[in-house]
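What follows is query_33.tsv (TSV, C-alpha atoms).
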chain	number	residue	atom	x	y	z
A	153	MET	CA	85.71	104.85	102.45
A	154	LYS	CA	88.55	106.01	100.24
A	155	GLN	CA	87.30	103.84	97.37
A	156	GLU	CA	84.15	101.81	97.00
A	157	ASP	CA	84.26	98.07	97.52
A	158	SER	CA	82.56	96.84	94.37
A	159	TYR	CA	81.38	93.41	93.25
A	160	ARG	CA	84.46	93.35	91.02
A	161	HIS	CA	86.75	93.92	94.00
A	162	LYS	CA	84.97	91.15	95.91
A	163	GLY	CA	85.37	88.82	92.93
A	164	LEU	CA	89.09	89.61	92.74
A	165	ARG	CA	89.44	88.90	96.47
A	166	LYS	CA	87.80	85.50	96.01
A	167	GLN	CA	90.31	84.73	93.24
A	168	LEU	CA	93.13	85.83	95.57
A	169	VAL	CA	91.85	83.49	98.29
A	170	ASP	CA	91.80	80.60	95.79
A	171	GLN	CA	95.39	81.47	94.84
A	172	LEU	CA	96.48	81.53	98.50
A	173	ARG	CA	95.03	78.05	98.98
A	174	THR	CA	97.36	76.79	96.23
A	175	LYS	CA	100.28	78.43	98.09
A	176	GLY	CA	99.67	76.42	101.26
A	177	ILE	CA	97.37	78.67	103.29
A	178	THR	CA	94.98	76.27	105.02
A	179	ASP	CA	93.67	78.30	107.99
A	180	GLU	CA	90.05	79.02	107.06
A	181	ALA	CA	89.87	81.99	109.47
A	182	VAL	CA	92.83	83.61	107.70
A	183	LEU	CA	91.32	82.98	104.26
A	184	ALA	CA	87.96	84.38	105.38
A	185	ALA	CA	89.68	87.52	106.70
A	186	ILE	CA	91.63	88.01	103.44
A	187	ASN	CA	88.31	87.65	101.62
A	188	GLU	CA	86.72	90.29	103.88
A	189	VAL	CA	89.39	93.03	103.99
A	190	PRO	CA	89.40	95.37	100.94
A	191	ARG	CA	93.14	95.55	100.17
A	192	HIS	CA	92.66	98.17	97.44
A	193	VAL	CA	91.78	100.88	99.97
A	194	PHE	CA	95.27	100.66	101.48
A	195	LEU	CA	97.05	101.36	98.18
A	196	ASP	CA	97.83	104.57	96.34
A	197	SER	CA	95.39	105.01	93.46
A	198	SER	CA	98.04	104.16	90.84
A	199	PHE	CA	98.26	100.58	92.20
A	200	VAL	CA	94.56	99.94	92.80
A	201	GLU	CA	94.12	97.86	89.63
A	202	LEU	CA	96.83	95.50	90.88
A	203	ALA	CA	95.59	95.34	94.48
A	204	TYR	CA	94.55	91.68	94.38
A	205	GLN	CA	97.68	90.32	92.76
A	206	ASP	CA	100.09	88.58	95.11
A	207	MET	CA	102.58	91.46	95.08
A	208	ALA	CA	104.09	93.96	97.53
A	209	PHE	CA	103.74	97.68	96.78
A	210	PRO	CA	105.38	100.88	98.09
A	211	ILE	CA	103.21	102.90	100.50
A	212	GLY	CA	105.57	105.83	101.17
A	213	SER	CA	108.12	106.51	103.94
A	214	GLY	CA	110.31	103.76	102.48
A	215	GLN	CA	107.77	101.12	103.55
A	216	THR	CA	105.73	98.53	101.66
A	217	ILE	CA	102.42	96.74	101.95
A	218	SER	CA	103.42	93.06	102.12
A	219	GLN	CA	102.18	90.68	99.48
A	220	PRO	CA	98.97	88.90	100.51
A	221	SER	CA	100.66	85.50	100.70
A	222	THR	CA	103.12	86.87	103.29
A	223	VAL	CA	100.31	88.48	105.31
A	224	ALA	CA	98.36	85.22	105.18
A	225	PHE	CA	101.43	83.13	106.07
A	226	GLN	CA	102.31	85.27	109.11
A	227	SER	CA	98.66	85.29	110.21
A	228	GLN	CA	98.46	81.50	109.89
A	229	LEU	CA	101.67	81.00	111.91
A	230	LEU	CA	100.29	83.29	114.62
A	231	GLN	CA	97.37	80.88	115.31
A	232	VAL	CA	95.03	83.69	116.33
A	233	GLU	CA	91.76	82.97	118.10
A	234	SER	CA	88.90	85.41	118.50
A	235	GLY	CA	89.30	87.69	121.51
A	236	MET	CA	93.09	87.41	121.70
A	237	LYS	CA	95.16	90.54	122.33
A	238	VAL	CA	97.66	90.95	119.49
A	239	LEU	CA	100.56	93.41	119.47
A	240	GLU	CA	101.67	94.35	115.95
A	241	ILE	CA	105.03	96.03	115.40
A	242	GLY	CA	104.94	98.02	112.15
A	243	THR	CA	101.41	99.18	111.26
A	244	GLY	CA	102.54	100.13	107.76
A	245	SER	CA	99.49	100.36	105.51
A	246	GLY	CA	97.20	98.84	108.18
A	247	TYR	CA	96.31	95.86	106.00
A	248	GLN	CA	97.85	93.16	108.22
A	249	ALA	CA	96.22	94.74	111.31
A	250	CYS	CA	92.81	94.64	109.64
A	251	VAL	CA	93.23	90.99	108.64
A	252	LEU	CA	93.92	90.13	112.29
A	253	ALA	CA	90.99	92.27	113.45
A	254	ALA	CA	88.75	90.50	110.93
A	255	MET	CA	89.80	87.24	112.63
A	256	GLY	CA	88.41	88.59	115.89
A	257	ALA	CA	91.67	89.74	117.47
A	258	LYS	CA	92.00	92.87	119.61
A	259	VAL	CA	94.82	94.55	117.69
A	260	PHE	CA	97.28	97.06	119.18
A	261	SER	CA	99.63	98.32	116.47
A	262	ILE	CA	102.75	100.52	116.66
A	263	GLU	CA	104.15	102.57	113.76
A	264	ARG	CA	107.39	104.57	113.98
A	265	GLN	CA	107.00	106.67	110.79
A	266	ARG	CA	104.98	109.75	111.75
A	267	ASN	CA	103.62	110.59	108.29
A	268	LEU	CA	102.68	106.97	107.60
A	269	TYR	CA	101.06	106.67	111.05
A	270	PHE	CA	98.67	109.58	110.39
A	271	LYS	CA	97.96	108.49	106.80
A	272	THR	CA	97.08	104.95	107.91
A	273	LYS	CA	95.10	106.10	110.94
A	274	GLU	CA	92.85	108.11	108.59
A	275	ILE	CA	92.24	105.06	106.40
A	276	LEU	CA	91.54	102.79	109.38
A	277	GLU	CA	88.97	105.23	110.76
A	278	GLN	CA	86.91	104.69	107.59
A	279	LEU	CA	86.89	100.90	107.94
A	280	PRO	CA	84.83	98.63	110.21
A	281	PHE	CA	87.88	96.85	111.68
A	282	ARG	CA	88.82	97.86	115.24
A	283	VAL	CA	92.54	98.56	115.47
A	284	LYS	CA	94.23	100.68	118.18
A	285	THR	CA	97.21	102.49	116.63
A	286	PHE	CA	100.19	104.08	118.38
A	287	LEU	CA	103.09	106.23	117.17
A	288	GLY	CA	106.23	104.95	118.84
A	289	ASP	CA	109.23	102.65	119.02
A	290	GLY	CA	108.24	99.05	118.34
A	291	TYR	CA	111.20	97.74	120.35
A	292	GLU	CA	109.56	99.17	123.47
A	293	GLY	CA	106.18	97.52	122.85
A	294	LEU	CA	103.15	98.75	124.81
A	295	PRO	CA	103.75	98.02	128.51
A	296	THR	CA	100.50	99.80	129.46
A	297	TYR	CA	98.46	97.21	127.53
A	298	GLN	CA	100.41	94.05	128.38
A	299	PRO	CA	100.25	91.09	128.58
A	300	PHE	CA	99.64	90.00	124.99
A	301	ASP	CA	98.54	86.63	123.62
A	302	ARG	CA	100.29	87.19	120.30
A	303	VAL	CA	103.02	89.45	118.88
A	304	ILE	CA	103.58	89.94	115.16
A	305	ILE	CA	106.53	91.85	113.71
A	306	THR	CA	106.19	93.02	110.12
A	307	ALA	CA	109.79	94.18	109.54
A	308	GLY	CA	113.16	92.43	109.51
A	309	ALA	CA	114.52	92.31	113.07
A	310	PRO	CA	118.21	91.87	114.01
A	311	SER	CA	117.26	90.03	117.22
A	312	VAL	CA	114.24	89.14	119.37
A	313	PRO	CA	113.30	92.34	121.25
A	314	GLU	CA	113.50	91.48	124.97
A	315	LYS	CA	110.86	94.00	126.02
A	316	LEU	CA	108.34	92.38	123.67
A	317	VAL	CA	109.03	88.95	125.17
A	318	GLU	CA	108.47	90.42	128.64
A	319	GLN	CA	105.05	91.67	127.50
A	320	MET	CA	103.94	88.20	126.34
A	321	LYS	CA	101.80	85.87	128.44
A	322	ALA	CA	102.98	82.33	129.14
A	323	HIS	CA	102.28	80.21	126.03
A	324	ALA	CA	102.02	83.37	123.93
A	325	VAL	CA	103.36	83.28	120.37
A	326	MET	CA	105.53	85.76	118.47
A	327	VAL	CA	105.99	85.66	114.68
A	328	ILE	CA	109.11	87.55	113.64
A	329	PRO	CA	111.19	87.79	110.43
A	330	MET	CA	114.74	87.45	111.84
A	331	ASP	CA	117.65	88.88	109.87
A	332	ASN	CA	119.92	86.22	108.40
A	333	ALA	CA	123.60	86.26	109.38
A	334	ASP	CA	124.68	86.95	105.77
A	335	GLY	CA	122.56	90.11	105.66
A	336	GLU	CA	120.39	88.67	102.89
A	337	GLY	CA	116.73	88.64	103.85
A	338	GLN	CA	115.13	87.06	106.90
A	339	THR	CA	114.04	83.70	108.27
A	340	MET	CA	110.46	83.60	109.53
A	341	LEU	CA	110.42	82.42	113.14
A	342	ARG	CA	107.57	81.42	115.41
A	343	ILE	CA	108.62	81.82	119.04
A	344	THR	CA	106.54	80.36	121.85
A	345	LYS	CA	107.06	81.62	125.40
A	346	MET	CA	106.98	78.59	127.67
A	347	GLU	CA	105.57	78.46	131.20
A	348	ASP	CA	109.06	78.91	132.71
A	349	GLY	CA	109.83	81.89	130.47
A	350	THR	CA	112.13	80.02	128.08
A	351	LEU	CA	111.57	80.42	124.34
A	352	LYS	CA	110.86	77.68	121.82
A	353	GLU	CA	111.82	78.63	118.24
A	354	GLU	CA	110.52	77.19	114.96
A	355	ALA	CA	111.76	78.32	111.52
A	356	PHE	CA	109.52	78.62	108.45
A	357	GLY	CA	111.58	79.63	105.43
A	358	ASP	CA	113.13	82.74	103.92
A	359	PHE	CA	111.50	86.13	103.30
A	360	LYS	CA	112.44	89.72	102.48
A	361	PHE	CA	111.18	92.56	104.70
A	362	VAL	CA	112.11	96.20	105.19
A	363	PRO	CA	114.27	96.65	108.33
A	364	MET	CA	112.84	97.22	111.79
A	365	LEU	CA	114.08	100.64	112.92
A	366	LYS	CA	114.23	102.29	116.33
A	367	GLU	CA	113.96	106.04	116.02
A	368	ILE	CA	110.68	107.77	115.14
A	369	GLY	CA	110.89	109.38	111.70
A	370	ASN	CA	108.86	111.90	109.75
A	371	ASP	CA	109.49	110.47	106.28
Represent the supplied structure as structure tokens.
Amino acid sequence: MKQEDSYRHKGLRKQLVDQLRTKGITDEAVLAAINEVPRHVFLDSSFVELAYQDMAFPIGSGQTISQPSTVAFQSQLLQVESGMKVLEIGTGSGYQACVLAAMGAKVFSIERQRNLYFKTKEILEQLPFRVKTFLGDGYEGLPTYQPFDRVIITAGAPSVPEKLVEQMKAHAVMVIPMDNADGEGQTMLRITKMEDGTLKEEAFGDFKFVPMLKEIGND
């Protein structure tokens, strides 16, 4: 592992879990996963001391590792059960993917930034959480591995990607930060695909994410 997971780190994670409870995270499976996944290994060494504060940090390629409360909130909205197939758009640091894997999900994650993809893949290979990673365009999804029980998007999206909806089972759930009309931040949506293919939307407050981009970059 890139860094050891010490008793101190585990103590800091427990404090973080207690803090997340005060912020409205009630799903015990999510809290257990946050307590299990060593967030410090996903950060550049200069940020390691701050790893268990509820803050976002840069991870290179113009991307960030989301703050733990956002990861926990999205994971809670997703209503993941063990054994579910989850498609993640935006691997980023790999932290969110590992939290879902720690909850028992089979995680398939797409990253568009080539350098970040290889950096994160190397980190994930040193961890016990099973995550399948792919370099590609998140808007296209992974038709080879469909259908999915859950879809999570970890970047601000201008609209609901149709191809991702097509790859969802009936009654599957997507959690997506949708760009607001004024261009300021996103609204977190939970979208349920009904039996007849129609979509039921629920809104859960405002957030700020990096934008979801199409082309594959090297940055």
Pull the closest atom pair for each residue of stretch 254-304 of chain A that gets at most 12 Å from stretch 167-188 of chain A, along with the distance in Å to one decimal, counting all atoms listed in the file, ordering rows by chain and then ascending residue number, as a Markdown table.
| residue | atom | partner | partner_atom | distance |
| --- | --- | --- | --- | --- |
| A:Ala254 | CA | A:Ala185 | CA | 5.3 |
| A:Met255 | CA | A:Ala185 | CA | 5.9 |
| A:Gly256 | CA | A:Ala181 | CA | 9.3 |
| A:Ala257 | CA | A:Ala185 | CA | 11.2 |
| A:Leu279 | CA | A:Glu188 | CA | 11.4 |
| A:Pro280 | CA | A:Glu188 | CA | 10.6 |
| A:Phe281 | CA | A:Glu188 | CA | 10.3 |
Could you please take those selected residues and save C-alpha atoms as a compact mmCIF listing (two decimals), in the frame of the given file?
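What landed in again_36.txt:
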# COMPACT_ATOMS: atom_id res chain seq x y z
CA ALA A 254 88.75 90.50 110.93
CA MET A 255 89.80 87.24 112.63
CA GLY A 256 88.41 88.59 115.89
CA ALA A 257 91.67 89.74 117.47
CA LEU A 279 86.89 100.90 107.94
CA PRO A 280 84.83 98.63 110.21
CA PHE A 281 87.88 96.85 111.68
- [ ] Have a look at atom CA of A:His192 and atom CA of A:Lys360 and let me know their distance in Å, one decimal.
- [x] 22.1 Å
Select from stretch 238-267 of chain A every residue with an atom at most 8 Å from any atom of stretch 282-288 of chain A, then for each give the shortest pair of atoms and their distance in Å to one decimal, using all atoms listed in the file, rows by chain and rising number, as a tab-separated table.
residue	atom	partner	partner_atom	distance
A:Thr243	CA	A:Thr285	CA	7.6
A:Ala249	CA	A:Val283	CA	6.7
A:Cys250	CA	A:Val283	CA	7.0
A:Ala253	CA	A:Arg282	CA	6.3
A:Lys258	CA	A:Val283	CA	7.1
A:Val259	CA	A:Val283	CA	5.1
A:Phe260	CA	A:Lys284	CA	4.8
A:Ser261	CA	A:Thr285	CA	4.8
A:Ile262	CA	A:Phe286	CA	4.7
A:Glu263	CA	A:Leu287	CA	5.1
A:Arg264	CA	A:Gly288	CA	5.0
A:Gln265	CA	A:Leu287	CA	7.5
A:Arg266	CA	A:Leu287	CA	6.7
Task: Top pick for closest residue to A:Phe359, considering A:Ser234, A:Thr296, A:Ser221, A:Gln319 and counting all atoms listed in the file - done: A:Ser221
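Atom CA of A:Phe194 to atom CA of A:Asp206 spans 14.5 Å [interatomic distance, one decimal].
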